$ cat query.cif   # mmCIF, C-alpha atoms and all ligand atoms
data_protein
#
loop_
_atom_site.label_atom_id
_atom_site.label_comp_id
_atom_site.auth_asym_id
_atom_site.auth_seq_id
_atom_site.Cartn_x
_atom_site.Cartn_y
_atom_site.Cartn_z
CA MET A 1 -15.57 13.14 6.53
CA SER A 2 -15.33 9.35 6.45
CA VAL A 3 -13.64 7.90 3.38
CA ARG A 4 -13.11 4.37 2.07
CA LEU A 5 -10.12 4.32 -0.24
CA VAL A 6 -7.95 1.79 -2.02
CA PHE A 7 -4.37 2.81 -2.86
CA LEU A 8 -3.30 0.91 -5.96
CA GLY A 9 0.11 1.00 -7.60
CA PRO A 10 3.44 -0.78 -7.93
CA PRO A 11 5.84 -1.40 -5.03
CA GLY A 12 7.58 1.83 -4.06
CA ALA A 13 4.96 4.16 -5.55
CA GLY A 14 4.47 5.90 -2.18
CA LYS A 15 1.19 4.24 -1.11
CA GLY A 16 2.28 3.61 2.48
CA THR A 17 3.74 7.11 2.86
CA GLN A 18 0.52 8.78 1.72
CA ALA A 19 -1.75 6.31 3.54
CA GLN A 20 -0.12 7.14 6.85
CA LEU A 21 -0.46 10.91 6.29
CA LEU A 22 -4.03 10.78 5.00
CA ALA A 23 -5.41 8.20 7.44
CA SER A 24 -4.61 10.55 10.31
CA GLN A 25 -5.90 13.57 8.37
CA TYR A 26 -9.24 11.85 7.61
CA GLY A 27 -9.37 10.07 10.99
CA VAL A 28 -9.76 6.62 9.43
CA GLU A 29 -7.78 3.43 9.88
CA GLN A 30 -4.89 2.46 7.62
CA LEU A 31 -4.88 -1.17 6.62
CA ALA A 32 -1.64 -2.22 4.92
CA THR A 33 -1.60 -5.97 4.27
CA GLY A 34 2.21 -5.97 3.92
CA ASP A 35 2.58 -4.34 7.38
CA ILE A 36 0.24 -6.89 8.98
CA LEU A 37 2.16 -9.75 7.35
CA ARG A 38 5.54 -8.35 8.47
CA ARG A 39 4.23 -8.01 12.04
CA ASN A 40 3.17 -11.67 11.95
CA VAL A 41 6.57 -12.72 10.59
CA ARG A 42 8.30 -10.80 13.40
CA GLU A 43 6.06 -12.32 16.04
CA GLY A 44 6.52 -15.83 14.60
CA THR A 45 2.78 -16.57 14.33
CA GLU A 46 1.47 -19.41 12.17
CA LEU A 47 0.32 -16.85 9.57
CA GLY A 48 3.79 -15.26 9.61
CA ARG A 49 5.53 -18.61 9.14
CA GLU A 50 3.27 -19.43 6.19
CA ALA A 51 3.64 -15.98 4.57
CA LYS A 52 7.40 -15.58 4.96
CA ARG A 53 8.54 -17.85 2.14
CA TYR A 54 6.32 -16.02 -0.36
CA MET A 55 7.42 -12.59 0.85
CA ASP A 56 11.12 -13.49 0.76
CA ALA A 57 10.73 -14.62 -2.86
CA GLY A 58 8.79 -11.47 -3.83
CA ASP A 59 5.70 -13.57 -4.62
CA LEU A 60 2.14 -13.00 -3.45
CA VAL A 61 0.80 -14.71 -0.36
CA PRO A 62 -2.19 -16.95 -1.33
CA ASP A 63 -5.51 -15.15 -1.81
CA ALA A 64 -7.42 -17.16 0.82
CA VAL A 65 -4.93 -16.14 3.55
CA ILE A 66 -5.09 -12.45 2.59
CA ILE A 67 -8.86 -12.29 2.18
CA GLY A 68 -9.46 -13.89 5.60
CA MET A 69 -7.02 -11.42 7.16
CA VAL A 70 -8.71 -8.35 5.61
CA GLU A 71 -12.19 -9.57 6.56
CA SER A 72 -11.26 -9.83 10.21
CA GLU A 73 -9.41 -6.47 10.20
CA LEU A 74 -12.28 -4.55 8.59
CA ALA A 75 -15.17 -6.04 10.58
CA GLY A 76 -17.22 -3.09 11.85
CA SER A 77 -15.08 -0.44 10.15
CA THR A 78 -16.79 2.57 8.56
CA GLY A 79 -13.76 4.39 7.14
CA PHE A 80 -10.39 3.13 5.97
CA ILE A 81 -7.47 3.38 3.57
CA VAL A 82 -6.32 0.00 2.28
CA ASP A 83 -2.82 -0.06 0.86
CA GLY A 84 -1.29 -3.08 -0.86
CA PHE A 85 -4.70 -4.78 -1.15
CA PRO A 86 -6.32 -6.00 -3.36
CA ARG A 87 -3.47 -7.35 -5.47
CA THR A 88 -5.33 -9.91 -7.62
CA ILE A 89 -8.70 -10.00 -9.37
CA ALA A 90 -9.83 -12.73 -6.92
CA GLN A 91 -8.98 -10.44 -3.98
CA ALA A 92 -10.86 -7.53 -5.60
CA GLN A 93 -13.96 -9.67 -6.13
CA ALA A 94 -13.90 -10.93 -2.53
CA PHE A 95 -13.41 -7.32 -1.35
CA ASP A 96 -16.42 -6.16 -3.39
CA ALA A 97 -18.53 -8.88 -1.75
CA LEU A 98 -17.32 -7.80 1.70
CA LEU A 99 -18.06 -4.12 1.01
CA ALA A 100 -21.55 -5.04 -0.21
CA ARG A 101 -22.18 -6.96 3.05
CA LEU A 102 -20.93 -3.98 5.08
CA GLU A 103 -23.05 -1.63 2.89
CA ALA A 104 -19.88 0.44 2.56
CA PRO A 105 -19.10 1.35 -1.06
CA LEU A 106 -15.62 2.64 -1.93
CA THR A 107 -15.12 6.40 -2.16
CA ALA A 108 -12.39 5.92 -4.79
CA VAL A 109 -9.42 3.86 -5.91
CA LEU A 110 -6.28 5.98 -6.31
CA LEU A 111 -3.77 4.76 -8.88
CA PHE A 112 -0.22 5.85 -7.98
CA GLU A 113 1.71 6.30 -11.24
CA VAL A 114 5.55 6.48 -11.14
CA PRO A 115 8.13 5.66 -13.85
CA ARG A 116 9.80 2.27 -13.28
CA GLU A 117 13.38 3.54 -12.83
CA GLN A 118 12.22 5.86 -10.02
CA LEU A 119 10.54 2.94 -8.26
CA ILE A 120 13.78 0.96 -8.15
CA GLU A 121 15.63 3.97 -6.72
CA ARG A 122 12.94 4.52 -4.10
CA LEU A 123 12.84 0.90 -2.97
CA THR A 124 16.56 0.25 -2.78
CA GLY A 125 16.97 3.44 -0.67
CA ARG A 126 13.95 2.81 1.58
CA TRP A 127 14.35 2.60 5.37
CA ILE A 128 11.38 1.77 7.59
CA CYS A 129 10.55 2.01 11.26
CA PRO A 130 10.07 -1.57 12.52
CA LYS A 131 7.73 -0.28 15.24
CA ASP A 132 5.19 1.94 13.46
CA GLN A 133 6.09 1.09 9.81
CA SER A 134 6.78 4.74 8.81
CA SER A 135 8.72 4.80 5.54
CA TYR A 136 11.76 7.00 4.78
CA HIS A 137 14.28 7.46 1.99
CA LEU A 138 17.92 8.44 2.35
CA THR A 139 17.63 11.29 -0.16
CA PHE A 140 13.96 11.77 -1.14
CA ASN A 141 12.33 11.62 2.28
CA PRO A 142 15.01 11.59 5.02
CA PRO A 143 14.13 11.40 8.74
CA ARG A 144 14.80 14.54 10.82
CA ASN A 145 17.45 12.68 12.87
CA ALA A 146 19.63 10.32 10.81
CA GLY A 147 18.61 6.68 11.22
CA LYS A 148 15.71 7.42 13.62
CA CYS A 149 11.93 7.37 13.13
CA ASP A 150 10.38 10.89 13.25
CA VAL A 151 7.30 9.58 15.05
CA CYS A 152 8.74 7.30 17.76
CA GLY A 153 12.56 7.60 17.57
CA THR A 154 13.07 3.87 16.91
CA GLY A 155 16.16 2.90 14.83
CA LEU A 156 15.29 2.47 11.14
CA VAL A 157 15.91 -0.78 9.23
CA GLN A 158 15.89 -1.89 5.59
CA ARG A 159 13.33 -4.47 4.45
CA SER A 160 14.86 -7.83 3.49
CA ASP A 161 12.78 -7.81 0.27
CA ASP A 162 14.07 -4.39 -0.89
CA THR A 163 17.12 -5.88 -2.63
CA LEU A 164 17.47 -5.29 -6.38
CA GLU A 165 16.80 -8.97 -7.11
CA THR A 166 13.56 -9.21 -5.11
CA VAL A 167 12.40 -5.78 -6.26
CA THR A 168 12.72 -6.95 -9.89
CA ARG A 169 10.59 -10.02 -9.12
CA ARG A 170 7.98 -7.89 -7.27
CA MET A 171 7.67 -5.59 -10.31
CA ALA A 172 7.02 -8.61 -12.59
CA VAL A 173 4.41 -9.94 -10.13
CA TYR A 174 2.75 -6.50 -10.12
CA ASP A 175 2.61 -6.42 -13.93
CA GLU A 176 1.16 -9.94 -14.16
CA GLN A 177 -1.23 -10.12 -11.24
CA THR A 178 -2.03 -6.63 -9.94
CA ALA A 179 -2.00 -4.34 -13.01
CA PRO A 180 -5.24 -5.98 -14.33
CA LEU A 181 -7.00 -4.27 -11.39
CA ILE A 182 -6.55 -0.93 -13.18
CA ALA A 183 -9.08 -1.98 -15.84
CA TYR A 184 -11.27 -3.65 -13.18
CA TYR A 185 -11.68 -0.45 -11.15
CA ARG A 186 -11.80 1.81 -14.20
CA LYS A 187 -14.82 -0.17 -15.36
CA GLN A 188 -16.47 0.39 -11.95
CA GLY A 189 -15.92 4.14 -12.41
CA ASN A 190 -13.85 4.33 -9.22
CA LEU A 191 -10.34 4.98 -10.56
CA ILE A 192 -8.46 8.27 -10.09
CA SER A 193 -4.89 8.55 -11.43
CA ILE A 194 -2.34 10.38 -9.28
CA HIS A 195 0.99 11.85 -10.45
CA ALA A 196 2.89 10.01 -7.73
CA GLU A 197 6.33 10.76 -9.21
CA ARG A 198 6.16 14.24 -7.63
CA PRO A 199 7.47 15.14 -4.13
CA VAL A 200 5.56 13.78 -1.11
CA VAL A 201 3.80 17.08 -0.25
CA ASP A 202 2.66 17.60 -3.85
CA VAL A 203 1.24 14.08 -4.04
CA THR A 204 -0.70 14.63 -0.80
CA ALA A 205 -2.09 17.92 -2.17
CA GLU A 206 -3.12 16.28 -5.45
CA ILE A 207 -4.96 13.49 -3.60
CA LEU A 208 -6.80 15.92 -1.31
CA THR A 209 -7.91 18.04 -4.28
CA ALA A 210 -8.99 15.02 -6.34
CA LEU A 211 -11.04 13.61 -3.46
CA SER A 212 -12.72 16.88 -2.55
CA GLU A 213 -13.66 17.41 -6.23
CA ARG A 214 -15.06 13.89 -6.39
CA GLN A 215 -17.05 14.28 -3.18
CA GLY A 216 -18.18 17.76 -4.22
CA ALA A 217 -19.48 16.21 -7.42
CA GLY A 218 -21.58 13.87 -5.24
CA ALA A 219 -19.82 10.74 -6.48
P1 LIG B 1 4.79 1.71 -1.21
O1 LIG B 1 3.99 1.66 0.07
O2 LIG B 1 3.95 2.11 -2.39
O3 LIG B 1 5.59 0.47 -1.47
P2 LIG B 1 6.43 3.71 0.22
O4 LIG B 1 5.41 4.67 0.71
O5 LIG B 1 7.03 2.78 1.23
O6 LIG B 1 5.85 2.88 -1.06
O7 LIG B 1 7.58 4.56 -0.51
C1 LIG B 1 8.70 3.88 -1.12
C2 LIG B 1 9.96 4.71 -0.91
O8 LIG B 1 9.85 5.94 -1.64
C3 LIG B 1 10.24 5.10 0.53
O9 LIG B 1 11.65 5.13 0.69
C4 LIG B 1 9.63 6.50 0.65
O10 LIG B 1 10.26 7.28 1.66
C5 LIG B 1 9.90 7.07 -0.74
N1 LIG B 1 8.85 7.97 -1.21
C6 LIG B 1 7.52 7.94 -0.92
N2 LIG B 1 6.86 8.92 -1.58
C7 LIG B 1 7.80 9.59 -2.31
C8 LIG B 1 7.77 10.70 -3.22
N3 LIG B 1 6.61 11.31 -3.52
N4 LIG B 1 8.93 11.10 -3.79
C9 LIG B 1 10.10 10.46 -3.50
N5 LIG B 1 10.20 9.40 -2.67
C10 LIG B 1 9.07 8.97 -2.08
P1 LIG B 2 4.17 -4.59 0.61
O1 LIG B 2 4.51 -4.21 2.01
O2 LIG B 2 2.80 -4.11 0.19
O3 LIG B 2 5.25 -4.24 -0.37
O4 LIG B 2 4.06 -6.19 0.62
C1 LIG B 2 5.18 -7.00 0.95
C2 LIG B 2 4.90 -8.46 0.58
O5 LIG B 2 3.79 -8.96 1.36
C3 LIG B 2 4.50 -8.71 -0.88
O6 LIG B 2 5.63 -8.84 -1.73
C4 LIG B 2 3.70 -10.02 -0.75
O7 LIG B 2 4.56 -11.15 -0.59
C5 LIG B 2 2.96 -9.82 0.57
N1 LIG B 2 1.65 -9.17 0.40
C6 LIG B 2 1.26 -7.94 0.87
N2 LIG B 2 -0.01 -7.66 0.52
C7 LIG B 2 -0.44 -8.74 -0.20
C8 LIG B 2 -1.66 -9.05 -0.87
N3 LIG B 2 -2.71 -8.19 -0.87
N4 LIG B 2 -1.74 -10.24 -1.53
C9 LIG B 2 -0.71 -11.10 -1.54
N5 LIG B 2 0.47 -10.87 -0.95
C10 LIG B 2 0.62 -9.69 -0.27
#

$ encode --input "query.cif" --output "structure tokens"
Amino acid sequence: MSVRLVFLGPPGAGKGTQAQLLASQYGVEQLATGDILRRNVREGTELGREAKRYMDAGDLVPDAVIIGMVESELAGSTGFIVDGFPRTIAQAQAFDALLARLEAPLTAVLLFEVPREQLIERLTGRWICPKDQSSYHLTFNPPRNAGKCDVCGTGLVQRSDDTLETVTRRMAVYDEQTAPLIAYYRKQGNLISIHAERPVVDVTAEILTALSERQGAGA
């Protein structure tokens, strides 16, 4: 079953964790704009150099840069999970135009809902694999071997923007620029709310049930 999903929600809501699990389950690609940007920063590309100052400050990278990046990543794709995109109304409008050109309507937009204090705890305890971007947490979602990625064994690192100061800024940016997308997608009839404060396996189960109900209903 091919799906085209957007994972929407604040930083730390578990979008990347669920996108990685579900992309392999559905056999579709995972497109995480933050991961692509971090790869470019690491490789020192022109895009990475331009994006870095925004990312370090917890601000959004300009829309034109992001939209161009997503258009080239999704060319020819029939199924995907996008996570961390769109983050502004301008990005959502450009994405709608792209999907119309591809004749590929969204299956659904999943809204990951988590209380704010839990988000801060999740982000400040997050460790990621710099190679495949898997995301772990010291207490909520620990790797099988301490400090090592379950998938590829690479040593885990903390993101430089997961400090309390930058996390606080990222939450404010979410409230101002990304939260308006909730009303945008609700109006399109595409929004499904997920209780993302629950443990990882429960969130996965809730998403699978919600999507099979939606597809069963012929939506
Ligand atoms: P996002 O992609 O939305 O920013 P992540 O998927 O990277 O969020 O998750 C943020 C942090 O929370 C990570 O440390 C991750 O291991 C942890 N996490 C993810 N899902 C859950 C969950 N359901 N319960 C507790 N912690 C979680
Ligand atoms: P994330 O990995 O989704 O938490 O994103 C990390 C950082 O990358 C954000 O704080 C932004 O600076 C930047 N970024 C990722 N996705 C986008 C996007 N869709 N629009 C603008 N900036 C983005």

$ residues_near_ligand --input "query.cif" --ligand "ligand LIG 2 (chain B)" --cutoff "6 Å" --atoms "only C-alpha atoms and all ligand atoms" --output "PyMOL selection string"
chain A and resi 11+33-35+54-55+58-61+66+84-87

$ closest_residue --input "query.cif" --among "A:Cys149, A:Ile67, A:Ala172, A:Val109" --to "Asp132 (chain A)" --atoms "only C-alpha atoms"
A:Cys149

$ closest_residue --input "query.cif" --among "A:Leu31, A:Leu191, A:Ala64, A:Val3" --to "Phe112 (chain A)" --atoms "all atoms listed in the file"
A:Leu191

$ closest_residue --input "query.cif" --among "A:Met171, A:Ala196, A:Ala183, A:Ala97" --to "ligand LIG 1 (chain B)" --atoms "all atoms listed in the file"
A:Ala196

$ atom_distance --input "query.cif" --atom1 "CA of Val70 (chain A)" --atom2 "CA of Gln30 (chain A)"
11.6 Å

$ closest_atom_pairs --input "query.cif" --of "chain A" --to "ligand LIG 1 (chain B)" --cutoff "6 Å" --atoms "all atoms listed in the file" --output "Markdown table"
| residue | atom | partner | partner_atom | distance |
| --- | --- | --- | --- | --- |
| A:Pro11 | CA | B:LIG1 | O3 | 4.0 |
| A:Gly12 | CA | B:LIG1 | O3 | 3.5 |
| A:Ala13 | CA | B:LIG1 | O2 | 3.9 |
| A:Gly14 | CA | B:LIG1 | O4 | 3.3 |
| A:Lys15 | CA | B:LIG1 | O2 | 3.7 |
| A:Gly16 | CA | B:LIG1 | O1 | 3.5 |
| A:Thr17 | CA | B:LIG1 | O4 | 3.7 |
| A:Arg122 | CA | B:LIG1 | O8 | 4.2 |
| A:Leu123 | CA | B:LIG1 | C2 | 5.2 |
| A:Gly125 | CA | B:LIG1 | O9 | 5.7 |
| A:Arg126 | CA | B:LIG1 | O9 | 3.4 |
| A:Trp127 | CA | B:LIG1 | O9 | 6.0 |
| A:Ser135 | CA | B:LIG1 | O10 | 4.9 |
| A:Tyr136 | CA | B:LIG1 | O10 | 3.5 |
| A:His137 | CA | B:LIG1 | O9 | 3.7 |
| A:Phe140 | CA | B:LIG1 | N5 | 4.7 |
| A:Asn141 | CA | B:LIG1 | O10 | 4.8 |
| A:Ala196 | CA | B:LIG1 | N3 | 5.8 |
| A:Glu197 | CA | B:LIG1 | N3 | 5.7 |
| A:Arg198 | CA | B:LIG1 | N3 | 5.1 |
| A:Pro199 | CA | B:LIG1 | N3 | 4.0 |
| A:Val200 | CA | B:LIG1 | N3 | 3.6 |

$ closest_residue --input "query.cif" --among "A:Leu22, A:Met69, A:Cys152, A:Leu102" --to "Ser2 (chain A)" --atoms "only C-alpha atoms"
A:Leu22

$ closest_residue --input "query.cif" --among "A:Gln188, A:Gln177, A:Thr78, A:Ser24" --to "Leu99 (chain A)" --atoms "all atoms listed in the file"
A:Thr78

$ closest_residue --input "query.cif" --among "A:Glu71, A:Glu121, A:Glu113, A:Asp150" --to "Thr163 (chain A)" --atoms "only C-alpha atoms"
A:Glu121

$ build_atoms --input "query.cif" --residues "region 166-188 of chain A" --atoms "N, CA and C atoms" --output "mmCIF file, in the coordinates of the input"
data_model
loop_
_atom_site.group_PDB
_atom_site.id
_atom_site.type_symbol
_atom_site.label_atom_id
_atom_site.label_comp_id
_atom_site.auth_asym_id
_atom_site.auth_seq_id
_atom_site.Cartn_x
_atom_site.Cartn_y
_atom_site.Cartn_z
ATOM 1 N N THR A 166 14.965 -8.980 -5.512
ATOM 2 C CA THR A 166 13.560 -9.210 -5.110
ATOM 3 C C THR A 166 12.661 -8.109 -5.644
ATOM 4 N N VAL A 167 13.179 -6.887 -5.706
ATOM 5 C CA VAL A 167 12.400 -5.780 -6.260
ATOM 6 C C VAL A 167 12.028 -6.080 -7.725
ATOM 7 N N THR A 168 12.974 -6.626 -8.476
ATOM 8 C CA THR A 168 12.720 -6.950 -9.890
ATOM 9 C C THR A 168 11.600 -7.986 -9.995
ATOM 10 N N ARG A 169 11.637 -8.989 -9.130
ATOM 11 C CA ARG A 169 10.590 -10.020 -9.120
ATOM 12 C C ARG A 169 9.242 -9.393 -8.725
ATOM 13 N N ARG A 170 9.249 -8.501 -7.730
ATOM 14 C CA ARG A 170 7.980 -7.890 -7.270
ATOM 15 C C ARG A 170 7.346 -7.045 -8.379
ATOM 16 N N MET A 171 8.203 -6.390 -9.186
ATOM 17 C CA MET A 171 7.670 -5.590 -10.310
ATOM 18 C C MET A 171 6.986 -6.515 -11.334
ATOM 19 N N ALA A 172 7.601 -7.671 -11.607
ATOM 20 C CA ALA A 172 7.020 -8.610 -12.590
ATOM 21 C C ALA A 172 5.688 -9.155 -12.048
ATOM 22 N N VAL A 173 5.650 -9.445 -10.753
ATOM 23 C CA VAL A 173 4.410 -9.940 -10.130
ATOM 24 C C VAL A 173 3.333 -8.858 -10.214
ATOM 25 N N TYR A 174 3.722 -7.607 -10.001
ATOM 26 C CA TYR A 174 2.750 -6.500 -10.120
ATOM 27 C C TYR A 174 2.172 -6.463 -11.538
ATOM 28 N N ASP A 175 3.074 -6.516 -12.538
ATOM 29 C CA ASP A 175 2.610 -6.420 -13.930
ATOM 30 C C ASP A 175 1.645 -7.563 -14.271
ATOM 31 N N GLU A 176 1.980 -8.766 -13.798
ATOM 32 C CA GLU A 176 1.160 -9.940 -14.160
ATOM 33 C C GLU A 176 -0.147 -10.000 -13.392
ATOM 34 N N GLN A 177 -0.071 -9.788 -12.067
ATOM 35 C CA GLN A 177 -1.230 -10.120 -11.240
ATOM 36 C C GLN A 177 -2.014 -8.923 -10.725
ATOM 37 N N THR A 178 -1.344 -7.774 -10.557
ATOM 38 C CA THR A 178 -2.030 -6.630 -9.940
ATOM 39 C C THR A 178 -2.455 -5.588 -10.974
ATOM 40 N N ALA A 179 -1.652 -5.372 -12.018
ATOM 41 C CA ALA A 179 -2.000 -4.340 -13.010
ATOM 42 C C ALA A 179 -3.398 -4.562 -13.638
ATOM 43 N N PRO A 180 -3.872 -5.815 -13.795
ATOM 44 C CA PRO A 180 -5.240 -5.980 -14.330
ATOM 45 C C PRO A 180 -6.325 -5.300 -13.482
ATOM 46 N N LEU A 181 -6.006 -4.958 -12.231
ATOM 47 C CA LEU A 181 -7.000 -4.270 -11.390
ATOM 48 C C LEU A 181 -7.276 -2.846 -11.881
ATOM 49 N N ILE A 182 -6.347 -2.292 -12.665
ATOM 50 C CA ILE A 182 -6.550 -0.930 -13.180
ATOM 51 C C ILE A 182 -7.812 -0.930 -14.051
ATOM 52 N N ALA A 183 -7.895 -1.892 -14.964
ATOM 53 C CA ALA A 183 -9.080 -1.980 -15.840
ATOM 54 C C ALA A 183 -10.321 -2.335 -15.028
ATOM 55 N N TYR A 184 -10.144 -3.203 -14.032
ATOM 56 C CA TYR A 184 -11.270 -3.650 -13.180
ATOM 57 C C TYR A 184 -11.931 -2.440 -12.503
ATOM 58 N N TYR A 185 -11.100 -1.582 -11.881
ATOM 59 C CA TYR A 185 -11.680 -0.450 -11.150
ATOM 60 C C TYR A 185 -12.071 0.695 -12.082
ATOM 61 N N ARG A 186 -11.395 0.782 -13.235
ATOM 62 C CA ARG A 186 -11.800 1.810 -14.200
ATOM 63 C C ARG A 186 -13.230 1.528 -14.669
ATOM 64 N N LYS A 187 -13.491 0.252 -14.908
ATOM 65 C CA LYS A 187 -14.820 -0.170 -15.360
ATOM 66 C C LYS A 187 -15.893 0.146 -14.299
ATOM 67 N N GLN A 188 -15.516 0.053 -13.027
ATOM 68 C CA GLN A 188 -16.470 0.390 -11.950
ATOM 69 C C GLN A 188 -16.676 1.900 -11.824
#
